[in-house]
$ cat run09.cif   # mmCIF, C-alpha atoms
data_input
#
loop_
_atom_site.label_atom_id
_atom_site.label_comp_id
_atom_site.auth_asym_id
_atom_site.auth_seq_id
_atom_site.Cartn_x
_atom_site.Cartn_y
_atom_site.Cartn_z
CA MET A 280 43.60 58.78 77.90
CA PRO A 281 44.29 55.07 78.52
CA THR A 282 47.68 53.54 77.76
CA GLU A 283 46.51 49.92 78.15
CA LEU A 284 43.63 48.01 76.63
CA PRO A 285 41.16 47.78 79.52
CA GLY A 286 41.23 44.28 80.97
CA THR A 287 41.83 41.02 79.16
CA PRO A 288 40.17 41.23 75.74
CA GLY A 289 38.53 37.79 75.88
CA VAL A 290 35.77 37.65 73.26
CA SER A 291 35.90 40.96 71.36
CA PRO A 292 33.32 40.90 68.54
CA VAL A 293 33.53 42.86 65.30
CA LEU A 294 30.23 44.69 64.94
CA GLN A 295 28.06 44.04 61.92
CA VAL A 296 26.39 46.86 59.96
CA PRO A 297 22.72 46.21 59.09
CA PHE A 298 21.27 47.60 55.89
CA LEU A 299 17.66 48.15 54.87
CA SER A 300 16.27 46.00 52.07
CA ASP A 301 16.92 48.84 49.61
CA GLY A 302 20.57 49.04 50.66
CA GLY A 303 20.20 52.10 52.89
CA LEU A 304 21.86 52.29 56.28
CA ASP A 305 19.79 50.75 59.13
CA GLU A 306 20.78 53.00 62.03
CA ALA A 307 18.16 51.55 64.36
CA GLY A 308 19.36 48.06 63.51
CA PHE A 309 22.96 48.99 64.30
CA ASP A 310 21.87 50.46 67.62
CA THR A 311 20.18 47.11 68.38
CA VAL A 312 23.28 45.16 67.31
CA VAL A 313 25.46 47.20 69.67
CA ALA A 314 23.02 46.79 72.56
CA GLN A 315 22.62 43.05 71.99
CA VAL A 316 26.34 42.40 71.74
CA LEU A 317 27.21 44.48 74.80
CA GLY A 318 24.41 42.65 76.60
CA THR A 319 26.38 39.40 76.33
CA GLY A 320 28.93 40.80 78.79
CA VAL A 321 31.86 41.27 76.42
CA ARG A 322 34.54 43.69 77.56
CA SER A 323 35.40 45.11 74.15
CA VAL A 324 34.02 45.45 70.63
CA MET A 325 35.64 46.49 67.37
CA PHE A 326 34.21 48.62 64.57
CA PRO A 327 34.42 48.70 61.60
CA GLY A 328 36.03 45.53 60.26
CA PHE A 329 35.70 43.19 57.31
CA ALA A 330 32.62 41.79 59.09
CA SER A 331 31.20 45.34 59.10
CA GLU A 332 31.53 45.65 55.31
CA TYR A 333 33.61 48.74 56.05
CA HIS A 334 34.77 48.90 52.44
CA LYS A 335 31.15 49.49 51.31
CA LEU A 336 30.43 52.44 53.63
CA TYR A 337 30.50 56.15 52.90
CA ASP A 338 32.65 58.21 55.24
CA ASP A 339 29.60 59.98 56.68
CA GLU A 340 27.98 56.59 57.35
CA ARG A 341 31.06 55.42 59.23
CA ARG A 342 31.02 58.59 61.34
CA ARG A 343 27.33 58.20 62.14
CA LEU A 344 27.72 54.54 63.10
CA LEU A 345 30.70 55.43 65.28
CA GLU A 346 28.55 58.02 67.05
CA ILE A 347 25.95 55.34 67.78
CA LEU A 348 28.59 52.94 69.11
CA LEU A 349 30.30 55.52 71.31
CA ALA A 350 26.96 56.64 72.73
CA HIS A 351 26.76 53.14 74.21
CA THR A 352 30.35 52.93 75.45
CA ARG A 353 31.30 56.49 76.40
CA GLY A 354 31.71 56.81 80.14
CA ARG A 355 31.78 53.06 80.75
CA ASP A 356 34.88 51.65 82.42
CA ASP A 357 33.85 48.03 81.80
CA VAL A 358 33.94 48.02 77.99
CA CYS A 359 36.48 49.15 75.40
CA ALA A 360 35.45 50.56 72.01
CA ILE A 361 38.18 49.65 69.51
CA VAL A 362 37.90 51.77 66.38
CA ALA A 363 39.51 50.49 63.19
CA VAL A 364 41.65 52.45 60.73
CA HIS A 365 41.99 50.79 57.31
CA ASP A 366 43.03 53.67 55.08
CA HIS A 367 45.80 52.85 52.64
CA GLY A 368 47.15 56.39 52.38
CA THR A 369 49.24 57.47 55.36
CA VAL A 370 47.85 61.02 55.45
CA ALA A 371 44.28 59.68 55.36
CA ALA A 372 45.04 57.04 58.00
CA VAL A 373 46.55 59.61 60.37
CA ARG A 374 43.55 61.89 59.90
CA ARG A 375 41.02 59.10 60.50
CA ALA A 376 42.96 57.89 63.55
CA ARG A 377 42.97 61.36 65.08
CA GLU A 378 39.25 61.74 64.36
CA ALA A 379 38.60 58.47 66.21
CA VAL A 380 40.58 59.71 69.21
CA GLU A 381 38.65 62.99 69.23
CA ALA A 382 35.36 61.09 69.00
CA GLY A 383 36.20 59.09 72.12
CA ALA A 384 37.68 55.78 70.95
CA ASP A 385 39.26 53.74 73.75
CA ALA A 386 41.73 52.06 71.40
CA LEU A 387 42.49 51.71 67.70
CA ASN A 388 42.76 48.71 65.39
CA LEU A 389 45.27 49.43 62.64
CA LEU A 390 45.35 47.52 59.34
CA PRO A 391 48.62 47.87 57.39
CA PRO A 392 48.45 49.35 53.88
CA HIS A 393 48.39 46.72 51.15
CA PHE A 394 47.25 48.01 47.76
CA LEU A 395 49.89 47.62 45.01
CA SER A 396 52.22 45.66 47.34
CA PRO A 397 54.07 48.40 49.26
CA SER A 398 57.53 47.50 50.56
CA ARG A 399 58.00 46.39 54.15
CA GLU A 400 59.78 49.69 54.83
CA ALA A 401 56.79 51.63 53.47
CA VAL A 402 54.38 49.55 55.55
CA THR A 403 56.31 50.07 58.79
CA ALA A 404 56.67 53.80 58.08
CA HIS A 405 52.89 54.04 57.64
CA LEU A 406 52.24 52.16 60.88
CA ALA A 407 54.78 54.29 62.75
CA ALA A 408 53.13 57.51 61.54
CA VAL A 409 49.70 56.45 62.81
CA LEU A 410 51.10 55.17 66.12
CA ASP A 411 52.90 58.49 66.68
CA ALA A 412 49.78 60.48 65.78
CA VAL A 413 47.61 58.89 68.48
CA ALA A 414 50.14 58.15 71.25
CA PRO A 415 49.61 57.18 74.02
CA LEU A 416 46.25 55.67 72.95
CA PRO A 417 46.66 51.86 72.76
CA VAL A 418 46.70 50.34 69.30
CA VAL A 419 46.04 46.79 68.06
CA LEU A 420 47.91 45.86 64.88
CA GLN A 421 45.75 43.69 62.61
CA TYR A 422 47.81 41.15 60.67
CA ALA A 423 45.61 39.55 58.01
CA PRO A 424 47.91 38.31 55.24
CA ALA A 425 45.25 36.25 53.43
CA GLN A 426 43.05 39.33 53.01
CA THR A 427 45.82 41.85 52.34
CA GLY A 428 48.90 40.05 51.06
CA THR A 429 51.01 42.07 53.50
CA ALA A 430 53.90 40.08 54.99
CA LEU A 431 55.18 40.93 58.47
CA ASP A 432 57.02 38.82 61.02
CA ALA A 433 57.32 38.81 64.80
CA ALA A 434 60.72 40.54 64.79
CA THR A 435 59.46 43.41 62.63
CA ILE A 436 56.39 43.85 64.81
CA ALA A 437 58.48 43.73 68.02
CA ALA A 438 60.84 46.40 66.66
CA LEU A 439 57.83 48.59 65.86
CA ALA A 440 56.44 48.09 69.37
CA SER A 441 59.82 48.87 70.93
CA ALA A 442 59.88 52.23 69.17
CA HIS A 443 56.16 52.89 69.72
CA PRO A 444 55.04 51.63 73.14
CA ASN A 445 51.36 52.31 72.40
CA LEU A 446 51.41 49.28 70.08
CA ARG A 447 49.94 47.04 72.75
CA MET A 448 48.56 43.98 70.96
CA VAL A 449 48.37 42.11 67.65
CA LYS A 450 45.31 40.62 65.98
CA VAL A 451 46.68 37.47 64.36
CA GLU A 452 44.88 36.14 61.29
CA SER A 453 47.77 34.23 59.74
CA GLN A 454 47.33 30.47 59.45
CA PRO A 455 47.98 28.63 61.67
CA PRO A 456 47.81 31.47 64.21
CA HIS A 457 49.51 29.72 67.14
CA ARG A 458 52.97 30.09 65.58
CA LEU A 459 52.84 33.88 65.46
CA VAL A 460 51.06 34.06 68.83
CA GLU A 461 53.99 32.20 70.41
CA ALA A 462 56.62 34.19 68.51
CA LEU A 463 55.10 37.51 69.58
CA ALA A 464 55.08 36.37 73.22
CA ARG A 465 58.80 35.52 72.97
CA GLY A 466 59.69 38.91 71.48
CA ASN A 467 61.22 41.95 73.10
CA PRO A 468 58.91 43.50 74.03
CA SER A 469 56.56 40.59 74.53
CA LEU A 470 53.25 41.28 72.81
CA PRO A 471 49.89 39.65 73.61
CA ALA A 472 47.75 38.46 70.73
CA VAL A 473 44.11 37.99 69.89
CA ILE A 474 43.08 35.86 66.94
CA GLY A 475 40.54 36.55 64.23
CA TYR A 476 39.45 34.42 61.25
CA ALA A 477 36.23 33.50 63.09
CA GLY A 478 38.23 31.59 65.71
CA VAL A 479 38.59 28.56 63.43
CA GLN A 480 41.74 27.55 65.31
CA LEU A 481 40.75 28.95 68.69
CA PRO A 482 41.66 25.96 70.94
CA ALA A 483 45.23 25.77 69.63
CA ALA A 484 45.59 29.55 69.85
CA LEU A 485 44.42 29.55 73.47
CA GLU A 486 46.93 26.86 74.33
CA ALA A 487 49.60 29.00 72.67
CA GLY A 488 48.70 31.92 74.94
CA ALA A 489 46.23 34.01 72.91
CA VAL A 490 44.44 36.45 75.20
CA GLY A 491 41.32 36.86 73.10
CA VAL A 492 39.35 36.13 69.97
CA GLN A 493 37.78 38.68 67.64
CA PRO A 494 35.02 37.00 65.60
CA GLY A 495 31.86 38.37 64.04
CA CYS A 496 29.17 39.39 66.47
CA THR A 497 25.97 37.51 65.70
CA PHE A 498 26.65 34.43 67.80
CA THR A 499 28.89 35.96 70.42
CA GLU A 500 27.29 33.79 73.11
CA ILE A 501 28.86 30.63 71.66
CA TYR A 502 32.35 32.12 71.75
CA GLN A 503 31.69 33.38 75.27
CA GLU A 504 30.74 29.88 76.38
CA ILE A 505 33.89 28.39 74.83
CA TRP A 506 35.97 31.09 76.52
CA ASP A 507 34.33 30.59 79.91
CA LEU A 508 34.70 26.81 79.75
CA HIS A 509 38.39 27.05 78.83
CA HIS A 510 39.22 29.57 81.54
CA GLY A 511 36.94 27.87 84.05
CA GLY A 512 39.13 24.78 84.11
CA ARG A 513 37.02 22.77 81.65
CA PRO A 514 39.17 22.77 78.51
CA GLN A 515 37.81 19.47 77.19
CA GLU A 516 34.27 20.86 77.23
CA ALA A 517 35.53 24.01 75.53
CA ARG A 518 37.10 21.91 72.79
CA ALA A 519 33.92 19.87 72.42
CA LEU A 520 31.79 22.98 71.95
CA HIS A 521 34.29 24.41 69.48
CA ALA A 522 34.21 21.11 67.59
CA ARG A 523 30.44 21.51 67.20
CA LEU A 524 30.91 25.06 65.91
CA LEU A 525 33.82 24.26 63.59
CA PRO A 526 31.93 22.72 60.62
CA TYR A 527 29.89 25.91 60.32
CA ILE A 528 32.62 28.52 60.67
CA SER A 529 35.12 26.58 58.55
CA THR A 530 32.52 26.41 55.76
CA TRP A 531 31.61 30.08 56.05
CA MET A 532 35.24 31.21 56.23
CA GLN A 533 35.94 29.86 52.77
CA HIS A 534 35.18 33.43 51.72
CA VAL A 535 34.86 36.59 53.82
CA GLU A 536 31.70 37.67 51.97
CA LEU A 537 30.15 34.24 52.64
CA ILE A 538 30.49 34.50 56.42
CA VAL A 539 29.25 38.10 56.29
CA ALA A 540 26.12 36.96 54.45
CA ALA A 541 25.60 34.01 56.81
CA GLU A 542 25.95 36.22 59.88
CA LYS A 543 23.58 38.78 58.36
CA LEU A 544 20.94 36.05 58.00
CA ILE A 545 21.55 34.87 61.59
CA SER A 546 21.17 38.36 63.04
CA PHE A 547 18.03 38.90 60.96
CA ARG A 548 16.62 35.63 62.31
CA ARG A 549 17.46 36.83 65.82
CA GLY A 550 15.34 39.95 65.26
CA TRP A 551 18.22 42.41 65.46
CA GLN A 552 17.57 44.06 62.11
CA SER A 553 14.87 44.39 59.48
CA SER A 554 16.80 42.83 56.60
CA ASP A 555 19.68 40.47 55.85
CA HIS A 556 20.78 42.68 52.94
CA CYS A 557 24.48 42.81 52.03
CA ARG A 558 25.71 45.63 49.84
CA ALA A 559 27.07 44.65 46.44
CA PRO A 560 29.44 43.25 45.52
CA GLY A 561 28.71 40.52 48.02
CA TRP A 562 27.65 36.92 48.48
CA VAL A 563 24.09 35.80 47.78
CA LEU A 564 23.29 32.72 49.86
CA ASP A 565 21.86 29.82 47.87
CA HIS A 566 19.44 27.14 49.12
CA THR A 567 22.21 24.92 50.51
CA GLU A 568 23.88 27.80 52.36
CA ARG A 569 20.60 29.03 53.84
CA ALA A 570 19.83 25.47 54.97
CA LEU A 571 23.18 25.40 56.80
CA VAL A 572 22.14 28.52 58.72
CA ASP A 573 18.88 26.74 59.64
CA ARG A 574 20.82 23.76 61.00
CA PHE A 575 23.13 26.08 62.91
CA LEU A 576 20.21 27.84 64.59
CA ASP A 577 18.67 24.47 65.49
CA GLU A 578 21.89 23.12 66.95
CA PHE A 579 22.69 26.16 69.08
CA ALA A 580 19.16 27.23 69.99
CA ASP A 581 20.00 26.94 73.70
CA LEU A 582 22.77 29.56 73.38
CA LEU A 583 21.07 31.95 70.94
CA PRO A 584 17.85 33.26 72.48
CA GLY A 585 15.25 34.71 70.16
CA ALA A 586 16.46 33.05 66.97
CA VAL A 587 13.75 31.80 64.61
CA LYS A 588 13.94 29.87 61.35
#

$ encode --input "run09.cif" --output "structure tokens"
Amino acid sequence: MPTELPGTPGVSPVLQVPFLSDGGLDEAGFDTVVAQVLGTGVRSVMFPGFASEYHKLYDDERRRLLEILLAHTRGRDDVCAIVAVHDHGTVAAVRRAREAVEAGADALNLLPPHFLSPSREAVTAHLAAVLDAVAPLPVVLQYAPAQTGTALDAATIAALASAHPNLRMVKVESQPPHRLVEALARGNPSLPAVIGYAGVQLPAALEAGAVGVQPGCTFTEIYQEIWDLHHGGRPQEARALHARLLPYISTWMQHVELIVAAEKLISFRRGWQSSDHCRAPGWVLDHTERALVDRFLDEFADLLPGAVK
């Protein structure tokens, strides 16, 4: 069982879940999504997340999708399957975390409990219970205050990592992310960070020392190019490409369901799935929002093979 996240995370996409036009689960589409994303050369993927519409899945659907993902990653030393645990109840979270370990997860992503505003002491006790249950498997703590309302700080997270060494990394989705990225690096122990929130502030986060970005998965190639340019000694070109991407992701990230719907349409246009259906309650793209996807596909046609309008 690994005690470190394999390699530098780099671009670590959150996998999307395709649905059929009637709302049923598109298992073949998910298999294609996994294959296409892994085909970009990423070293890790995460499932399920907000971008996966995890909160709209039955438990048996989550288990089946996890089986499909792990069939691709099991036995591979070059890619890490990060399995997310979002359960609010501590008993349920511990059970789901152990099930993920038994299924073959390489690492866990752990979202703190947030319904009904639990105290900081209750939140840290929950996190500690899950960390203990899966030790020494490496765990990424997801800090998404805008989505959850949970408030943590670098000192609290460092204390948790000191007591639970399998807490190996933090996914930072606070705004602006560079402040927490830097504070975590200064802590004892020092913790590396990846950023989420579609990488809206990726250049500043990279300069602050972020070791990865965890966006949605349907235009992974663009993030990969930004990453490669930055780490290939061409930071100005990386910033320029991110500046081209920014108007799209900043618009879509005005609401989580909006970017999910936009990415669903992009992956459908790329031929990865048979429908761009989002389960209700969700976001229904209007004419203006669909036209923005068209412009996006035109602008980045060189980086997104197979996309059609």

$ resolve_selection --input "run09.cif" --expression "the PyMOL selection byres ((chain A and resi 543) around 8)" --output "VMD selection string"
chain A and resid 295 297 497 539 to 542 544 to 547 555 to 557

$ closest_residue --input "run09.cif" --among "A:Gly383, A:Gly354, A:Gly308, A:Gly320" --to "Asp507 (chain A)" --atoms "only C-alpha atoms"
A:Gly320

$ residues_around --input "run09.cif" --residues "Phe326 (chain A)" --least-positions-apart "4" --cutoff "10 Å" --atoms "all atoms listed in the file" --output "PyMOL selection string"
chain A and resi 292-296+330-331+333+341+344-345+348+360-364+387-388

$ atom_distance --input "run09.cif" --atom1 "CA of His521 (chain A)" --atom2 "CA of Pro482 (chain A)"
7.7 Å

$ closest_residue --input "run09.cif" --among "A:Val473, A:Ser300, A:Glu340, A:Phe498" --to "Asp581 (chain A)" --atoms "all atoms listed in the file"
A:Phe498

$ closest_residue --input "run09.cif" --among "A:Lys335, A:His405, A:Leu481, A:Leu446" --to "Ala517 (chain A)" --atoms "only C-alpha atoms"
A:Leu481

$ resolve_selection --input "run09.cif" --expression "the PyMOL selection byres ((chain A and resi 411-417) around 12)" --output "count of residues only"
51

$ closest_residue --input "run09.cif" --among "A:Met325, A:Leu390, A:Ala570, A:Ala483" --to "Val402 (chain A)" --atoms "all atoms listed in the file"
A:Leu390

$ closest_residue --input "run09.cif" --among "A:Arg518, A:Arg343, A:Arg569, A:Arg549" --to "Leu582 (chain A)" --atoms "only C-alpha atoms"
A:Arg549

$ atom_distance --input "run09.cif" --atom1 "CA of Leu459 (chain A)" --atom2 "CA of Val490 (chain A)"
13.1 Å

$ resolve_selection --input "run09.cif" --expression "the PyMOL selection byres ((chain A and resi 484) around 12)" --output "count of residues only"
35

$ atom_distance --input "run09.cif" --atom1 "CA of Asp301 (chain A)" --atom2 "CA of Cys496 (chain A)"
22.9 Å

$ residues_near_point --input "run09.cif" --point "(17.9, 45.5, 66.8)" --cutoff "12 Å" --atoms "all atoms listed in the file" --output "list in words"
Gln295, Val296, Pro297, Phe298, Asp305, Glu306, Ala307, Gly308, Phe309, Asp310, Thr311, Val312, Val313, Ala314, Gln315, Val316, Thr497, Ser546, Phe547, Arg548, Arg549, Gly550, Trp551, Gln552, Ser553, Ser554 and Gly585 of chain A

$ closest_atom_pairs --input "run09.cif" --of "region 423-459 of chain A" --to "region 531-538 of chain A" --cutoff "12 Å" --atoms "only C-alpha atoms" --output "Markdown table"
| residue | atom | partner | partner_atom | distance |
| --- | --- | --- | --- | --- |
| A:Ala423 | CA | A:Val535 | CA | 11.9 |
| A:Ala425 | CA | A:Val535 | CA | 10.4 |
| A:Gln426 | CA | A:Val535 | CA | 8.7 |
| A:Glu452 | CA | A:Met532 | CA | 12.0 |

$ residues_around --input "run09.cif" --residues "Tyr527 (chain A)" --least-positions-apart "3" --cutoff "9 Å" --atoms "all atoms listed in the file" --output "number ranges by chain"
A: 523-524, 530-532, 571-572, 575

$ closest_residue --input "run09.cif" --among "A:Asp338, A:Gly328, A:Ala559, A:Gly302" --to "Gly495 (chain A)" --atoms "all atoms listed in the file"
A:Gly328

$ decode --input "run09.cif" --residues "region 546-557 of chain A" --atoms "all heavy atoms" --output "JSON list (two decimals), in the first residue's frame"
[["chain", "number", "residue", "atom", "x", "y", "z"],
["A", 546, "SER", "N", -17.71, 17.56, -23.90],
["A", 546, "SER", "CA", -17.37, 16.14, -24.06],
["A", 546, "SER", "C", -18.29, 15.45, -25.05],
["A", 546, "SER", "O", -17.87, 14.55, -25.79],
["A", 546, "SER", "CB", -17.37, 15.43, -22.71],
["A", 546, "SER", "OG", -18.62, 15.53, -22.09],
["A", 547, "PHE", "N", -19.55, 15.87, -25.09],
["A", 547, "PHE", "CA", -20.47, 15.35, -26.10],
["A", 547, "PHE", "C", -19.99, 15.74, -27.50],
["A", 547, "PHE", "O", -19.98, 14.90, -28.42],
["A", 547, "PHE", "CB", -21.88, 15.89, -25.84],
["A", 547, "PHE", "CG", -22.87, 15.58, -26.93],
["A", 547, "PHE", "CD1", -23.28, 14.28, -27.16],
["A", 547, "PHE", "CD2", -23.40, 16.59, -27.71],
["A", 547, "PHE", "CE1", -24.20, 13.97, -28.16],
["A", 547, "PHE", "CE2", -24.32, 16.31, -28.72],
["A", 547, "PHE", "CZ", -24.72, 15.00, -28.94],
["A", 548, "ARG", "N", -19.57, 16.98, -27.66],
["A", 548, "ARG", "CA", -19.08, 17.44, -28.96],
["A", 548, "ARG", "C", -17.77, 16.73, -29.35],
["A", 548, "ARG", "O", -17.43, 16.63, -30.53],
["A", 548, "ARG", "CB", -18.86, 18.95, -28.93],
["A", 548, "ARG", "CG", -20.14, 19.75, -28.70],
["A", 548, "ARG", "CD", -20.89, 20.03, -30.00],
["A", 548, "ARG", "NE", -22.12, 20.75, -29.78],
["A", 548, "ARG", "CZ", -22.24, 22.07, -29.61],
["A", 548, "ARG", "NH1", -21.13, 22.82, -29.60],
["A", 548, "ARG", "NH2", -23.41, 22.61, -29.44],
["A", 549, "ARG", "N", -17.05, 16.25, -28.37],
["A", 549, "ARG", "CA", -15.81, 15.51, -28.64],
["A", 549, "ARG", "C", -16.08, 14.04, -28.94],
["A", 549, "ARG", "O", -15.14, 13.29, -29.21],
["A", 549, "ARG", "CB", -14.84, 15.65, -27.46],
["A", 549, "ARG", "CG", -14.39, 17.08, -27.18],
["A", 549, "ARG", "CD", -13.23, 17.16, -26.22],
["A", 549, "ARG", "NE", -12.01, 16.68, -26.87],
["A", 549, "ARG", "CZ", -10.81, 16.64, -26.29],
["A", 549, "ARG", "NH1", -10.67, 17.03, -25.03],
["A", 549, "ARG", "NH2", -9.76, 16.19, -26.94],
["A", 550, "GLY", "N", -17.34, 13.62, -28.85],
["A", 550, "GLY", "CA", -17.68, 12.24, -29.16],
["A", 550, "GLY", "C", -17.42, 11.25, -28.06],
["A", 550, "GLY", "O", -17.38, 10.04, -28.31],
["A", 551, "TRP", "N", -17.29, 11.74, -26.83],
["A", 551, "TRP", "CA", -16.98, 10.85, -25.71],
["A", 551, "TRP", "C", -18.23, 10.16, -25.16],
["A", 551, "TRP", "O", -18.11, 9.15, -24.47],
["A", 551, "TRP", "CB", -16.32, 11.62, -24.58],
["A", 551, "TRP", "CG", -14.95, 12.15, -24.90],
["A", 551, "TRP", "CD1", -14.30, 12.09, -26.10],
["A", 551, "TRP", "CD2", -14.08, 12.83, -23.99],
["A", 551, "TRP", "NE1", -13.07, 12.69, -26.01],
["A", 551, "TRP", "CE2", -12.91, 13.16, -24.73],
["A", 551, "TRP", "CE3", -14.17, 13.21, -22.66],
["A", 551, "TRP", "CZ2", -11.84, 13.84, -24.15],
["A", 551, "TRP", "CZ3", -13.11, 13.88, -22.09],
["A", 551, "TRP", "CH2", -11.96, 14.19, -22.82],
["A", 552, "GLN", "N", -19.40, 10.74, -25.38],
["A", 552, "GLN", "CA", -20.61, 10.21, -24.79],
["A", 552, "GLN", "C", -21.78, 10.51, -25.71],
["A", 552, "GLN", "O", -21.69, 11.35, -26.60],
["A", 552, "GLN", "CB", -20.83, 10.81, -23.40],
["A", 552, "GLN", "CG", -20.86, 12.33, -23.39],
["A", 552, "GLN", "CD", -20.53, 12.91, -22.03],
["A", 552, "GLN", "OE1", -19.46, 12.70, -21.47],
["A", 552, "GLN", "NE2", -21.48, 13.65, -21.46],
["A", 553, "SER", "N", -22.90, 9.82, -25.47],
["A", 553, "SER", "CA", -24.03, 9.90, -26.39],
["A", 553, "SER", "C", -24.96, 11.06, -26.09],
["A", 553, "SER", "O", -25.87, 11.33, -26.88],
["A", 553, "SER", "CB", -24.82, 8.59, -26.34],
["A", 553, "SER", "OG", -25.33, 8.38, -25.02],
["A", 554, "SER", "N", -24.77, 11.75, -24.97],
["A", 554, "SER", "CA", -25.68, 12.80, -24.56],
["A", 554, "SER", "C", -24.94, 13.80, -23.69],
["A", 554, "SER", "O", -23.94, 13.46, -23.05],
["A", 554, "SER", "CB", -26.85, 12.19, -23.78],
["A", 554, "SER", "OG", -27.58, 13.15, -23.06],
["A", 555, "ASP", "N", -25.44, 15.04, -23.66],
["A", 555, "ASP", "CA", -24.89, 16.04, -22.73],
["A", 555, "ASP", "C", -25.81, 16.23, -21.53],
["A", 555, "ASP", "O", -25.77, 17.26, -20.86],
["A", 555, "ASP", "CB", -24.63, 17.36, -23.45],
["A", 555, "ASP", "CG", -25.90, 18.02, -23.98],
["A", 555, "ASP", "OD1", -26.95, 17.34, -24.01],
["A", 555, "ASP", "OD2", -25.83, 19.20, -24.39],
["A", 556, "HIS", "N", -26.61, 15.22, -21.24],
["A", 556, "HIS", "CA", -27.61, 15.29, -20.17],
["A", 556, "HIS", "C", -26.96, 15.50, -18.80],
["A", 556, "HIS", "O", -25.96, 14.86, -18.46],
["A", 556, "HIS", "CB", -28.43, 13.99, -20.14],
["A", 556, "HIS", "CG", -29.51, 13.99, -19.11],
["A", 556, "HIS", "ND1", -30.77, 14.50, -19.35],
["A", 556, "HIS", "CD2", -29.53, 13.53, -17.83],
["A", 556, "HIS", "CE1", -31.51, 14.36, -18.26],
["A", 556, "HIS", "NE2", -30.79, 13.77, -17.33],
["A", 557, "CYS", "N", -27.54, 16.43, -18.02],
["A", 557, "CYS", "CA", -27.18, 16.59, -16.61],
["A", 557, "CYS", "C", -28.41, 16.22, -15.78],
["A", 557, "CYS", "O", -29.53, 16.62, -16.10],
["A", 557, "CYS", "CB", -26.79, 18.04, -16.31],
["A", 557, "CYS", "SG", -25.32, 18.63, -17.17]]
